[in-house]
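Trainee: Input protein30.txt, format and content: compact mmCIF, C-alpha atoms.
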```txt
# COMPACT_ATOMS: atom_id res chain seq x y z
CA MET W 290 5.97 -103.05 29.68
CA ALA W 291 7.95 -105.32 31.92
CA GLN W 292 11.68 -104.73 32.06
CA VAL W 293 14.14 -107.12 30.47
CA ARG W 294 16.21 -109.20 32.89
CA PRO W 295 19.76 -110.47 32.64
CA ILE W 296 20.08 -114.25 32.86
CA SER W 297 23.10 -116.51 32.88
CA LEU W 298 22.85 -120.24 32.32
CA THR W 299 24.68 -123.21 30.84
CA VAL W 300 23.35 -124.72 27.63
CA ASN W 301 25.03 -127.89 26.34
CA GLY W 302 28.06 -127.08 28.46
CA VAL W 303 28.43 -123.50 27.20
CA THR W 304 27.80 -120.52 29.49
CA ARG W 305 25.29 -118.12 27.94
CA GLN W 306 24.25 -114.67 29.04
CA ALA W 307 21.28 -112.78 27.70
CA LEU W 308 18.62 -110.18 28.38
CA VAL W 309 15.08 -111.52 28.31
CA GLU W 310 11.59 -110.26 28.92
CA PRO W 311 9.90 -112.20 31.76
CA ARG W 312 7.25 -113.55 29.39
CA ARG W 313 9.85 -115.08 27.04
CA LEU W 314 9.23 -118.84 26.96
CA LEU W 315 12.31 -120.95 27.50
CA VAL W 316 11.76 -122.76 24.18
CA ASP W 317 11.65 -119.46 22.26
CA PHE W 318 14.78 -118.30 24.07
CA LEU W 319 16.62 -121.48 23.04
CA ARG W 320 15.45 -121.32 19.44
CA ASP W 321 15.26 -117.62 18.62
CA ASP W 322 17.86 -116.07 20.93
CA LEU W 323 20.43 -118.88 21.00
CA GLY W 324 19.68 -120.30 17.54
CA LEU W 325 19.30 -123.85 18.91
CA THR W 326 16.44 -124.86 16.64
CA GLY W 327 16.73 -128.58 17.37
CA THR W 328 14.18 -128.13 20.15
CA HIS W 329 10.81 -127.84 18.44
CA VAL W 330 7.74 -125.76 19.23
CA GLY W 331 4.56 -127.73 18.77
CA CYS W 332 1.46 -127.17 20.83
CA GLU W 333 2.76 -124.55 23.29
CA HIS W 334 0.65 -125.96 26.10
CA GLY W 335 2.47 -129.01 27.35
CA ILE W 336 0.78 -131.75 25.36
CA CYS W 337 2.94 -132.68 22.37
CA GLY W 338 6.34 -132.90 24.10
CA ALA W 339 8.35 -131.72 21.05
CA CYS W 340 10.00 -128.99 23.17
CA THR W 341 11.25 -131.33 25.92
CA ILE W 342 14.75 -130.50 27.21
CA LEU W 343 16.85 -131.63 30.15
CA PHE W 344 16.58 -128.98 32.86
CA ASN W 345 19.18 -129.62 35.57
CA GLY W 346 19.24 -133.22 34.34
CA GLU W 347 15.49 -133.83 34.27
CA ALA W 348 13.15 -133.86 31.29
CA ALA W 349 10.93 -130.77 31.24
CA ARG W 350 8.72 -129.10 28.66
CA SER W 351 10.43 -125.86 27.68
CA CYS W 352 7.15 -124.33 26.44
CA LEU W 353 5.93 -124.44 30.05
CA MET W 354 8.92 -122.62 31.49
CA LEU W 355 10.04 -119.04 31.30
CA ALA W 356 13.58 -118.16 30.24
CA VAL W 357 13.97 -116.13 33.47
CA GLN W 358 13.38 -119.32 35.44
CA ALA W 359 16.48 -120.83 33.85
CA GLU W 360 18.82 -118.39 35.64
CA GLY W 361 21.75 -120.51 36.88
CA ALA W 362 20.35 -123.71 35.33
CA GLU W 363 22.09 -126.37 33.30
CA ILE W 364 20.21 -127.23 30.14
CA THR W 365 20.80 -129.97 27.60
CA THR W 366 19.05 -129.85 24.24
CA VAL W 367 19.16 -132.37 21.40
CA GLU W 368 22.20 -130.51 20.02
CA GLY W 369 24.09 -131.50 23.18
CA LEU W 370 23.50 -135.26 22.95
CA GLY W 371 26.19 -136.25 20.46
CA SER W 372 29.90 -135.65 21.05
CA SER W 373 31.67 -132.62 19.61
CA ASP W 374 33.41 -134.74 16.93
CA GLY W 375 30.01 -135.48 15.39
CA LYS W 376 29.54 -138.92 16.91
CA LEU W 377 25.93 -139.72 17.74
CA HIS W 378 24.73 -140.59 21.24
CA PRO W 379 24.01 -144.36 21.54
CA LEU W 380 20.31 -143.50 21.83
CA GLN W 381 20.46 -141.50 18.60
CA GLU W 382 22.28 -144.39 16.92
CA ALA W 383 19.53 -146.76 18.02
CA PHE W 384 16.89 -144.38 16.58
CA TRP W 385 18.82 -144.34 13.31
CA GLU W 386 19.22 -148.11 13.14
CA HIS W 387 15.55 -148.80 13.96
CA HIS W 388 14.09 -146.14 11.64
CA ALA W 389 12.54 -144.51 14.70
CA LEU W 390 11.84 -141.26 12.88
CA GLN W 391 10.10 -140.14 9.74
CA CYS W 392 9.46 -136.40 9.64
CA GLY W 393 11.64 -135.88 12.71
CA PHE W 394 9.47 -133.26 14.37
CA CYS W 395 8.93 -135.20 17.58
CA THR W 396 12.41 -136.77 17.60
CA PRO W 397 14.17 -134.26 19.89
CA GLY W 398 11.43 -134.68 22.46
CA MET W 399 11.45 -138.46 22.13
CA LEU W 400 15.24 -138.59 22.60
CA ILE W 401 15.25 -136.34 25.66
CA VAL W 402 12.34 -138.08 27.38
CA ALA W 403 13.84 -141.50 26.62
CA LEU W 404 17.17 -140.39 28.05
CA ASP W 405 15.66 -139.28 31.37
CA PHE W 406 13.37 -142.31 31.42
CA LEU W 407 16.30 -144.73 31.00
CA ARG W 408 18.28 -142.90 33.69
CA THR W 409 15.66 -143.80 36.29
CA ASN W 410 14.62 -147.10 34.71
CA PRO W 411 17.64 -148.67 32.96
CA ASP W 412 15.98 -152.04 32.34
CA PRO W 413 12.38 -151.25 31.45
CA THR W 414 9.61 -153.52 30.20
CA GLU W 415 7.96 -152.66 26.89
CA GLU W 416 4.88 -151.52 28.84
CA GLU W 417 7.01 -149.11 30.87
CA ILE W 418 8.70 -147.77 27.71
CA ARG W 419 5.27 -147.13 26.17
CA GLU W 420 4.15 -145.31 29.28
CA GLY W 421 7.36 -143.27 29.46
CA LEU W 422 7.17 -142.25 25.80
CA SER W 423 3.50 -141.32 26.08
CA ALA W 424 4.86 -137.92 27.08
CA VAL W 425 5.61 -137.17 23.41
CA LEU W 426 3.26 -137.35 20.44
CA CYS W 427 4.42 -138.75 17.10
CA ARG W 428 2.07 -138.48 14.12
CA CYS W 429 3.92 -140.63 11.60
CA THR W 430 5.97 -143.58 12.84
CA GLY W 431 3.17 -145.39 14.65
CA TYR W 432 5.53 -145.47 17.66
CA GLN W 433 6.62 -149.10 17.24
CA PRO W 434 10.11 -148.38 15.82
CA ILE W 435 10.65 -145.75 18.53
CA ILE W 436 9.82 -148.29 21.23
CA GLU W 437 12.20 -150.78 19.63
CA ALA W 438 14.95 -148.17 19.43
CA VAL W 439 14.58 -147.31 23.11
CA LYS W 440 14.63 -151.00 24.00
CA ALA W 441 17.85 -151.47 22.03
CA ALA W 442 19.41 -148.33 23.50
CA ALA W 443 18.54 -149.47 27.02
CA ALA W 444 20.56 -152.65 26.52
CA ARG W 445 23.45 -150.65 25.07
CA LEU W 446 23.46 -148.05 27.84
CA ARG W 447 23.25 -150.49 30.77
CA MET G 40 0.36 -118.48 21.59
CA LYS G 41 2.69 -116.52 23.85
CA PRO G 42 2.00 -115.08 27.29
CA PRO G 43 1.05 -111.42 27.62
CA PRO G 44 3.58 -109.17 29.37
CA PHE G 45 3.88 -109.44 33.14
CA ASP G 46 6.35 -108.53 35.83
CA TYR G 47 8.25 -111.34 37.49
CA HIS G 48 9.58 -111.90 40.98
CA ALA G 49 11.42 -115.02 42.10
CA ALA G 50 10.80 -115.30 45.84
CA ARG G 51 13.64 -116.86 47.87
CA SER G 52 11.65 -117.59 51.02
CA VAL G 53 8.09 -118.01 52.26
CA SER G 54 8.26 -114.64 53.99
CA GLU G 55 9.39 -112.95 50.76
CA ALA G 56 6.59 -114.66 48.83
CA LEU G 57 4.03 -113.48 51.39
CA GLU G 58 5.45 -109.96 51.30
CA LEU G 59 5.14 -109.93 47.48
CA LEU G 60 1.61 -111.35 47.69
CA GLY G 61 0.70 -108.59 50.12
CA ARG G 62 2.18 -105.95 47.87
CA TYR G 63 0.54 -107.04 44.59
CA ALA G 64 -2.68 -108.59 45.97
CA GLU G 65 -5.03 -109.74 43.20
CA ASP G 66 -2.71 -108.50 40.45
CA ALA G 67 -0.38 -111.43 41.23
CA ARG G 68 -0.43 -115.15 40.58
CA LEU G 69 1.81 -117.68 42.30
CA LEU G 70 3.88 -119.86 39.96
CA ALA G 71 4.60 -123.36 41.23
CA GLY G 72 5.46 -126.12 38.73
CA GLY G 73 3.74 -124.20 35.94
CA GLN G 74 2.12 -127.24 34.34
CA SER G 75 -1.34 -125.63 34.50
CA LEU G 76 -0.61 -121.92 34.92
CA VAL G 77 1.84 -121.57 32.02
CA PRO G 78 -0.58 -123.16 29.49
CA MET G 79 -3.18 -120.69 30.78
CA LEU G 80 -0.70 -117.84 30.26
CA ASN G 81 0.12 -119.12 26.77
CA PHE G 82 -3.58 -119.25 25.91
CA ARG G 83 -4.03 -115.87 27.61
CA LEU G 84 -6.72 -117.34 29.80
CA ALA G 85 -4.73 -115.97 32.73
CA THR G 86 -3.36 -112.44 32.48
CA PRO G 87 -1.76 -111.59 35.81
CA ARG G 88 0.18 -108.34 36.09
CA VAL G 89 2.78 -110.02 38.30
CA LEU G 90 4.07 -113.58 38.62
CA ILE G 91 5.55 -114.62 41.95
CA ASP G 92 7.74 -117.63 41.24
CA LEU G 93 8.03 -120.12 44.13
CA ASN G 94 10.57 -122.38 42.42
CA ARG G 95 13.49 -120.92 44.36
CA VAL G 96 11.81 -121.22 47.76
CA GLY G 97 13.95 -124.13 48.90
CA GLU G 98 12.30 -124.31 52.33
CA LEU G 99 9.06 -125.54 50.67
CA ALA G 100 10.58 -128.71 49.16
CA TYR G 101 10.77 -131.56 51.70
CA ILE G 102 9.29 -134.91 52.70
CA ARG G 103 9.20 -135.58 56.45
CA GLU G 104 7.53 -138.08 58.72
CA GLU G 105 6.20 -136.85 62.03
CA ASN G 106 3.76 -138.38 64.55
CA GLY G 107 2.02 -140.65 62.08
CA TRP G 108 1.83 -138.08 59.30
CA LEU G 109 3.85 -137.43 56.17
CA ARG G 110 4.50 -133.71 55.75
CA LEU G 111 5.13 -132.69 52.16
CA GLY G 112 6.39 -129.20 51.43
CA ALA G 113 4.11 -127.54 48.88
CA MET G 114 6.92 -127.18 46.33
CA THR G 115 8.00 -130.81 46.50
CA ARG G 116 8.07 -132.10 42.92
CA GLN G 117 5.65 -134.89 42.12
CA ARG G 118 8.51 -136.94 40.74
CA ALA G 119 10.48 -136.58 44.00
CA ILE G 120 7.47 -137.98 45.85
CA GLU G 121 6.97 -140.73 43.26
CA PHE G 122 10.57 -141.93 43.77
CA SER G 123 10.76 -141.38 47.54
CA PRO G 124 11.39 -144.68 49.40
CA LEU G 125 9.77 -143.14 52.49
CA VAL G 126 6.51 -142.32 50.65
CA LYS G 127 6.50 -145.72 48.96
CA GLU G 128 6.65 -147.36 52.37
CA ARG G 129 4.30 -145.05 54.28
CA ILE G 130 1.66 -144.03 51.71
CA PRO G 131 1.96 -146.32 48.68
CA LEU G 132 -1.47 -145.12 47.47
CA LEU G 133 0.09 -141.71 46.81
CA VAL G 134 2.86 -143.22 44.69
CA GLU G 135 0.30 -145.20 42.67
CA ALA G 136 -1.87 -142.10 42.13
CA LEU G 137 1.10 -139.98 41.00
CA GLY G 138 1.74 -142.45 38.18
CA TYR G 139 -1.42 -141.06 36.60
CA VAL G 140 -0.41 -137.39 36.85
CA GLY G 141 0.40 -136.27 33.33
CA HIS G 142 3.66 -137.73 32.05
CA LEU G 143 7.28 -137.97 33.20
CA PRO G 144 8.14 -134.35 32.20
CA THR G 145 4.94 -133.09 33.86
CA ARG G 146 5.94 -134.63 37.17
CA THR G 147 9.55 -133.41 37.10
CA ARG G 148 8.17 -129.86 37.30
CA GLY G 149 4.69 -130.31 38.81
CA THR G 150 4.43 -129.96 42.58
CA ILE G 151 2.06 -131.48 45.13
CA GLY G 152 1.10 -128.06 46.47
CA GLY G 153 0.55 -126.58 43.04
CA SER G 154 -1.83 -129.37 42.08
CA VAL G 155 -3.74 -129.18 45.38
CA ALA G 156 -4.04 -125.36 45.26
CA HIS G 157 -5.10 -125.43 41.60
CA ALA G 158 -7.91 -127.85 42.60
CA ASP G 159 -8.77 -129.23 39.19
CA PRO G 160 -11.86 -131.40 39.87
CA SER G 161 -10.42 -134.40 38.04
CA ALA G 162 -6.80 -134.14 39.21
CA GLU G 163 -5.21 -136.96 41.21
CA CYS G 164 -3.49 -135.09 44.07
CA PRO G 165 -6.67 -133.38 45.36
CA ALA G 166 -8.54 -136.73 45.19
CA LEU G 167 -5.80 -138.38 47.22
CA VAL G 168 -5.79 -135.63 49.86
CA CYS G 169 -9.57 -135.95 50.07
CA ALA G 170 -9.56 -139.76 50.32
CA LEU G 171 -6.99 -139.87 53.11
CA GLY G 172 -8.45 -136.94 55.04
CA GLY G 173 -5.30 -134.87 54.59
CA GLU G 174 -4.63 -131.46 56.08
CA LEU G 175 -3.47 -128.35 54.29
CA VAL G 176 -1.20 -125.88 56.02
CA ILE G 177 -1.80 -122.31 54.89
CA ARG G 178 0.30 -119.28 55.74
CA GLY G 179 -0.71 -115.64 55.41
CA ALA G 180 0.28 -112.27 56.84
CA GLY G 181 -1.70 -113.13 59.98
CA GLY G 182 0.07 -116.45 60.62
CA GLU G 183 -0.59 -120.09 59.93
CA ARG G 184 -3.81 -122.12 59.84
CA VAL G 185 -4.55 -125.77 59.11
CA VAL G 186 -7.59 -126.72 57.02
CA GLY G 187 -8.96 -130.23 56.58
CA ALA G 188 -9.47 -131.61 53.07
CA ALA G 189 -13.27 -131.54 53.41
CA ASP G 190 -13.22 -127.76 54.00
CA PHE G 191 -10.35 -126.98 51.63
CA PHE G 192 -11.90 -127.99 48.30
CA GLN G 193 -14.91 -125.73 47.80
CA ASP G 194 -15.79 -125.61 44.12
CA PHE G 195 -14.29 -125.91 40.61
CA PHE G 196 -10.71 -124.58 40.97
CA THR G 197 -11.77 -122.94 44.23
CA THR G 198 -10.24 -123.63 47.64
CA ALA G 199 -10.21 -122.20 51.14
CA LEU G 200 -7.08 -120.18 50.22
CA GLN G 201 -7.80 -116.48 50.69
CA PRO G 202 -6.10 -113.60 48.84
CA GLY G 203 -2.65 -113.08 50.30
CA GLU G 204 -2.38 -116.68 51.51
CA LEU G 205 0.03 -119.40 50.47
CA LEU G 206 -0.31 -123.18 50.74
CA VAL G 207 2.92 -124.27 52.44
CA GLU G 208 2.43 -127.94 53.36
CA VAL G 209 0.30 -130.97 52.56
CA ARG G 210 -0.11 -133.45 55.44
CA LEU G 211 -1.26 -137.00 54.86
CA PRO G 212 -1.78 -139.70 57.50
CA VAL G 213 0.62 -142.63 57.23
CA MET G 214 -1.04 -145.90 56.17
CA PRO G 215 -1.72 -148.13 59.22
CA ALA G 216 -0.50 -151.75 59.43
CA ARG G 217 -2.64 -154.46 57.77
CA SER G 218 -3.78 -152.09 55.01
CA GLY G 219 -4.32 -152.38 51.29
CA TRP G 220 -4.76 -149.69 48.68
CA ALA G 221 -5.65 -149.06 45.04
CA PHE G 222 -6.02 -146.12 42.69
CA GLU G 223 -8.25 -146.70 39.66
CA GLU G 224 -8.63 -144.22 36.85
CA PHE G 225 -10.34 -144.10 33.50
CA ALA G 226 -9.04 -141.62 30.93
CA ARG G 227 -9.08 -141.66 27.11
CA ARG G 228 -5.29 -141.75 27.00
CA HIS G 229 -2.73 -142.42 29.70
CA GLY G 230 -1.69 -139.13 31.28
CA ASP G 231 -4.86 -137.25 30.37
CA PHE G 232 -7.00 -135.81 33.10
CA ALA G 233 -9.29 -138.52 34.44
CA ILE G 234 -12.86 -138.90 33.32
CA VAL G 235 -13.44 -140.63 36.65
CA GLU G 236 -10.97 -141.82 39.27
CA VAL G 237 -11.38 -143.61 42.60
CA ALA G 238 -8.87 -143.88 45.44
CA ALA G 239 -9.30 -146.53 48.13
CA GLN G 240 -7.41 -147.63 51.22
CA VAL G 241 -8.68 -150.27 53.67
CA THR G 242 -7.31 -151.35 57.03
CA LEU G 243 -8.17 -154.66 58.67
CA ASP G 244 -8.35 -155.47 62.38
CA GLU G 245 -6.66 -158.49 63.94
CA ARG G 246 -9.65 -160.72 63.26
CA GLY G 247 -9.77 -159.76 59.59
CA GLY G 248 -12.69 -157.34 59.83
CA CYS G 249 -12.43 -153.95 58.13
CA ARG G 250 -11.39 -151.44 60.79
CA ALA G 251 -11.29 -148.42 58.49
CA ALA G 252 -11.91 -147.62 54.84
CA ARG G 253 -11.06 -144.49 52.88
CA VAL G 254 -12.71 -143.94 49.51
CA ALA G 255 -12.92 -140.84 47.33
CA ALA G 256 -13.96 -140.24 43.74
CA ALA G 257 -13.05 -137.39 41.42
CA GLY G 258 -14.20 -136.30 37.98
CA VAL G 259 -17.76 -136.58 39.26
CA GLY G 260 -18.41 -133.05 40.49
CA ALA G 261 -16.94 -129.66 41.33
CA THR G 262 -14.58 -131.10 43.92
CA PRO G 263 -13.24 -134.55 44.77
CA LEU G 264 -15.78 -136.38 46.89
CA ARG G 265 -15.08 -138.49 49.96
CA LEU G 266 -17.63 -141.35 49.89
CA ARG G 267 -18.23 -141.91 53.60
CA ALA G 268 -21.37 -144.04 53.09
CA VAL G 269 -19.36 -146.38 50.84
CA GLU G 270 -16.63 -146.63 53.47
CA GLN G 271 -19.26 -147.54 56.10
CA ILE G 272 -20.62 -150.41 54.02
CA VAL G 273 -17.23 -152.17 53.89
CA GLU G 274 -16.39 -151.18 57.47
CA ARG G 275 -19.55 -153.06 58.54
CA GLY G 276 -19.43 -155.90 56.04
CA GLY G 277 -15.76 -156.40 55.12
CA GLY G 278 -14.18 -157.14 51.77
CA ALA G 279 -16.31 -160.01 50.45
CA GLY G 280 -17.32 -159.67 46.79
CA ALA G 281 -21.00 -159.07 47.50
CA VAL G 282 -20.26 -156.35 50.06
CA VAL G 283 -17.84 -154.62 47.70
CA ALA G 284 -20.46 -154.78 44.92
CA GLN G 285 -23.02 -153.21 47.25
CA ALA G 286 -20.55 -150.48 48.24
CA ALA G 287 -19.77 -149.79 44.57
CA ALA G 288 -23.47 -149.50 43.73
CA ARG G 289 -23.83 -147.04 46.61
CA ALA G 290 -20.93 -144.98 45.20
CA ALA G 291 -22.82 -144.53 41.93
CA GLU G 292 -25.85 -143.26 43.87
CA LEU G 293 -23.79 -140.77 45.86
CA VAL G 294 -22.23 -138.93 42.92
CA ASP G 295 -24.08 -136.41 40.82
CA PRO G 296 -21.80 -135.77 37.86
CA ALA G 297 -22.48 -133.40 34.99
CA GLY G 298 -22.17 -134.61 31.42
CA ASP G 299 -19.82 -132.92 29.00
CA HIS G 300 -18.17 -133.68 25.66
CA HIS G 301 -15.87 -136.21 27.32
CA ALA G 302 -18.55 -138.35 28.97
CA SER G 303 -22.25 -138.23 29.81
CA ALA G 304 -23.45 -138.04 33.41
CA ASP G 305 -24.75 -141.63 33.19
CA TYR G 306 -21.43 -142.91 31.92
CA ARG G 307 -19.55 -141.15 34.73
CA ARG G 308 -21.93 -142.69 37.27
CA HIS G 309 -21.35 -146.11 35.70
CA LEU G 310 -17.57 -145.59 35.83
CA THR G 311 -17.83 -144.59 39.49
CA GLU G 312 -19.42 -147.95 40.28
CA VAL G 313 -16.96 -149.99 38.20
CA LEU G 314 -13.87 -148.17 39.47
CA THR G 315 -15.03 -148.28 43.11
CA ARG G 316 -15.54 -152.03 42.80
CA ARG G 317 -12.12 -152.51 41.24
CA ALA G 318 -10.38 -150.23 43.74
CA LEU G 319 -11.94 -151.84 46.81
CA SER G 320 -11.41 -155.39 45.49
CA ARG G 321 -7.77 -154.70 44.78
CA ALA G 322 -7.28 -152.90 48.11
CA PHE G 323 -8.71 -155.85 50.09
CA ALA G 324 -6.75 -158.37 48.03
CA GLY G 325 -3.59 -156.36 48.72
CA VAL G 326 -4.02 -156.69 52.50
CA GLU G 327 -4.54 -160.43 52.16
CA ARG G 328 -1.30 -160.69 50.24
CA SER G 329 0.71 -158.51 52.62
CA LYS G 330 -0.26 -160.56 55.71
```
What would you get if you wrote out this structure as structure tokens?
Mentor:
Amino acid sequence: MAQVRPISLTVNGVTRQALVEPRRLLVDFLRDDLGLTGTHVGCEHGICGACTILFNGEAARSCLMLAVQAEGAEITTVEGLGSSDGKLHPLQEAFWEHHALQCGFCTPGMLIVALDFLRTNPDPTEEEIREGLSAVLCRCTGYQPIIEAVKAAAARLR
Amino acid sequence: MKPPPFDYHAARSVSEALELLGRYAEDARLLAGGQSLVPMLNFRLATPRVLIDLNRVGELAYIREENGWLRLGAMTRQRAIEFSPLVKERIPLLVEALGYVGHLPTRTRGTIGGSVAHADPSAECPALVCALGGELVIRGAGGERVVGAADFFQDFFTTALQPGELLVEVRLPVMPARSGWAFEEFARRHGDFAIVEVAAQVTLDERGGCRAARVAAAGVGATPLRLRAVEQIVERGGGAGAVVAQAAARAAELVDPAGDHHASADYRRHLTEVLTRRALSRAFAGVERSK
């Protein structure tokens, strides 16, 4: 059996230290060890995008990373998007206003991918938004309200 | 599912990675961006005893131009290449091809070297390296060697890399002046692995004739395939519609794809013709526009 390793990282601005087995997936570490269950586990092989987090500022699938790889990293999960007084992030507000979620399973992934997408493309066309969001699967909204929410958020964040 | 237990080493340098590779030999797998290996671990299709993580080997992440070549460190993230102004100027075909590699979060982690060493027969990076006649720099305990694309890709997921060796650099020739390019891919959904893809780059001479063409197809066999006979047709005849159509028909004759549940062999051959025609047409039209 492989030995557990100490790791130290920052999650949503808070320094966390833990002991993890090398095979511990980053998504399971976030959910089961840190209790941050906003990040969802879907397919576990990098297709559905529900587990997407910001890893050192860039969107990454946390089911395709090991917790040991996050040593020294800065991670943002959906729990870290709003402000500490409970105010939603403008992107979350846009999702709310445009009914861009139904069951909510894909929503954390959608929000994180959209955030990184808008960082590098602050004034996207609808085609580019569709392509950017193709990283996350939604099985109930039909995507249209999500695309509209991202479009609205882009204008607000510019 | 979850990965089986393994031991983990994060190498800090190429020499440390090679030392670890030497120590654990075939018990070890190298971890680059993890976009293919970690799914295989999760499915337990790969069960290495040791993972050697290359993500902290900073010396393998760079983009440099030297003597007409772009040198890309093996651990350079696909997204870093996609957004590099230097790559966009020197090898725009590479930037276009990377747009088809998975999705945004795949490319933030995925590396050029990882994709090339993994050698998926329908992946974009190997096809690009093959089309442009790239060179792969390999380091092992005995030193460094450079292998051309034609000799590097040997079979399904099989390359010239020997046990104990590490791919350290991907070299691609800079696009000459008066060139045009296009990457055409057909997949069921954007971001999926291609059913068939074709990369093309053409360079004109001062009188408007085709001085050089580079064409490769992937998804049509065990490795990406450079289509030299197709290149020769447009090098002789230029970019007129009828010549491009003839070259595209030749492409379909040159490939010998297998059928599977994604697409029959006949359909793949048909796609090879259609995508070659589109890629060459767009590449030639691009040179016209850039003049």
Trainee: Report the distance between atom CA of G:Thr147 and atom CA of G:Glu128 in Å, rounded to one decimal place.
Mentor: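 Interatomic distance here is 20.9 Å.
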Trainee: Identify the residues within 7 Å of coordinate (-15.1, -127.5, 42.2) (same frame as the file), considering all atoms listed in the file, and give the answer as a ChimeraX atom specification.
Mentor: /G:160,192-197,260-262
Trainee: Residues of the last selection are to be written out with C-alpha atoms, as an mmCIF file, keeping the file's coordinate frame.
Mentor:
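Saved as out_4.cif:
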```
data_model
loop_
_atom_site.group_PDB
_atom_site.id
_atom_site.type_symbol
_atom_site.label_atom_id
_atom_site.label_comp_id
_atom_site.auth_asym_id
_atom_site.auth_seq_id
_atom_site.Cartn_x
_atom_site.Cartn_y
_atom_site.Cartn_z
ATOM 1 C CA PRO G 160 -11.860 -131.400 39.870
ATOM 2 C CA PHE G 192 -11.900 -127.990 48.300
ATOM 3 C CA GLN G 193 -14.910 -125.730 47.800
ATOM 4 C CA ASP G 194 -15.790 -125.610 44.120
ATOM 5 C CA PHE G 195 -14.290 -125.910 40.610
ATOM 6 C CA PHE G 196 -10.710 -124.580 40.970
ATOM 7 C CA THR G 197 -11.770 -122.940 44.230
ATOM 8 C CA GLY G 260 -18.410 -133.050 40.490
ATOM 9 C CA ALA G 261 -16.940 -129.660 41.330
ATOM 10 C CA THR G 262 -14.580 -131.100 43.920
#
```
Trainee: As a list in words, please: the residues near stretch 322-332 of chain W (cut-off 8 Å, only C-alpha atoms, same-chain neighbours under 6 positions excluded).
Mentor: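 Answer for this query is Val316, Gly338, Ala339, Cys340, Thr341, Ile342, Cys352, Thr366, Val367, Glu368, Phe394, Cys395, Pro397 and Gly398 of chain W.
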Trainee: When you look at G:Pro43 with a cut-off of 7 Å (counting all atoms listed in the file), what residues show up, excluding the ones that are within fewer than 4 positions of it in the same chain? I need them as a PyMOL selection string.
Mentor: (chain W and resi 312) or (chain G and resi 83+86)
Trainee: Once you have the residues from the selection above, write them out as a PDB file, keeping the file's coordinate frame, restricted to C-alpha atoms.
Mentor:
```
ATOM      1  CA  ARG W 312       7.250-113.550  29.390  1.00  0.00           C
TER       2      ARG W 312
ATOM      3  CA  ARG G  83      -4.030-115.870  27.610  1.00  0.00           C
ATOM      4  CA  THR G  86      -3.360-112.440  32.480  1.00  0.00           C
TER       5      THR G  86
END
```
Trainee: For chain W, report every residue with an atom at most 6 Å from chain G (counting only C-alpha atoms), formatted as number ranges by chain.
Mentor: W: 291, 312, 334, 348-349, 353, 424
Trainee: For G:Arg275, find every residue with an atom within 9 Å (counting all atoms listed in the file), except residues of its own chain fewer than 4 positions away, and show them as a PyMOL selection string.
Mentor: chain G and resi 248-250+270-271
Trainee: Any chance you can output those residues with C-alpha atoms as a PDB file, in the coordinates of the input?
Mentor:
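Okay, this is what ended up in selection_3.pdb:
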```pdb
ATOM      1  CA  GLY G 248     -12.690-157.340  59.830  1.00  0.00           C
ATOM      2  CA  CYS G 249     -12.430-153.950  58.130  1.00  0.00           C
ATOM      3  CA  ARG G 250     -11.390-151.440  60.790  1.00  0.00           C
ATOM      4  CA  GLU G 270     -16.630-146.630  53.470  1.00  0.00           C
ATOM      5  CA  GLN G 271     -19.260-147.540  56.100  1.00  0.00           C
TER       6      GLN G 271
END
```
Trainee: Using all atoms listed in the file, which protein or nucleic acid residues come within 8 Å of G:Arg321? Drop anything in the same chain fewer than 4 positions from it, and give the result as a PyMOL selection string.
Mentor: chain G and resi 219-221+317+325
Trainee: Please, could you write that set of residues out with C-alpha atoms as a CSV table (one decimal), keeping the file's coordinate frame?
Mentor:
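Once everything was written out, this is again.csv:
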```csv
chain,number,residue,atom,x,y,z
G,219,GLY,CA,-4.3,-152.4,51.3
G,220,TRP,CA,-4.8,-149.7,48.7
G,221,ALA,CA,-5.6,-149.1,45.0
G,317,ARG,CA,-12.1,-152.5,41.2
G,325,GLY,CA,-3.6,-156.4,48.7
```
Trainee: Could you model N, CA and C atoms for stretch 320-326 of chain W and present them as a PDB file, in the coordinates of the input?
Mentor:
```pdb
ATOM      1  N   ARG W 320      15.514-121.294  20.899  1.00  0.00           N
ATOM      2  CA  ARG W 320      15.450-121.320  19.440  1.00  0.00           C
ATOM      3  C   ARG W 320      15.823-119.962  18.825  1.00  0.00           C
ATOM      4  N   ASP W 321      15.160-118.906  19.310  1.00  0.00           N
ATOM      5  CA  ASP W 321      15.260-117.620  18.620  1.00  0.00           C
ATOM      6  C   ASP W 321      16.446-116.790  19.107  1.00  0.00           C
ATOM      7  N   ASP W 322      16.756-116.876  20.411  1.00  0.00           N
ATOM      8  CA  ASP W 322      17.860-116.070  20.930  1.00  0.00           C
ATOM      9  C   ASP W 322      19.186-116.807  20.812  1.00  0.00           C
ATOM     10  N   LEU W 323      19.175-118.130  21.078  1.00  0.00           N
ATOM     11  CA  LEU W 323      20.430-118.880  21.000  1.00  0.00           C
ATOM     12  C   LEU W 323      20.604-119.603  19.668  1.00  0.00           C
ATOM     13  N   GLY W 324      19.569-119.644  18.854  1.00  0.00           N
ATOM     14  CA  GLY W 324      19.680-120.300  17.540  1.00  0.00           C
ATOM     15  C   GLY W 324      19.711-121.823  17.622  1.00  0.00           C
ATOM     16  N   LEU W 325      19.305-122.386  18.771  1.00  0.00           N
ATOM     17  CA  LEU W 325      19.300-123.850  18.910  1.00  0.00           C
ATOM     18  C   LEU W 325      17.928-124.380  18.482  1.00  0.00           C
ATOM     19  N   THR W 326      17.771-124.540  17.184  1.00  0.00           N
ATOM     20  CA  THR W 326      16.440-124.860  16.640  1.00  0.00           C
ATOM     21  C   THR W 326      16.132-126.351  16.645  1.00  0.00           C
TER      22      THR W 326
END
```
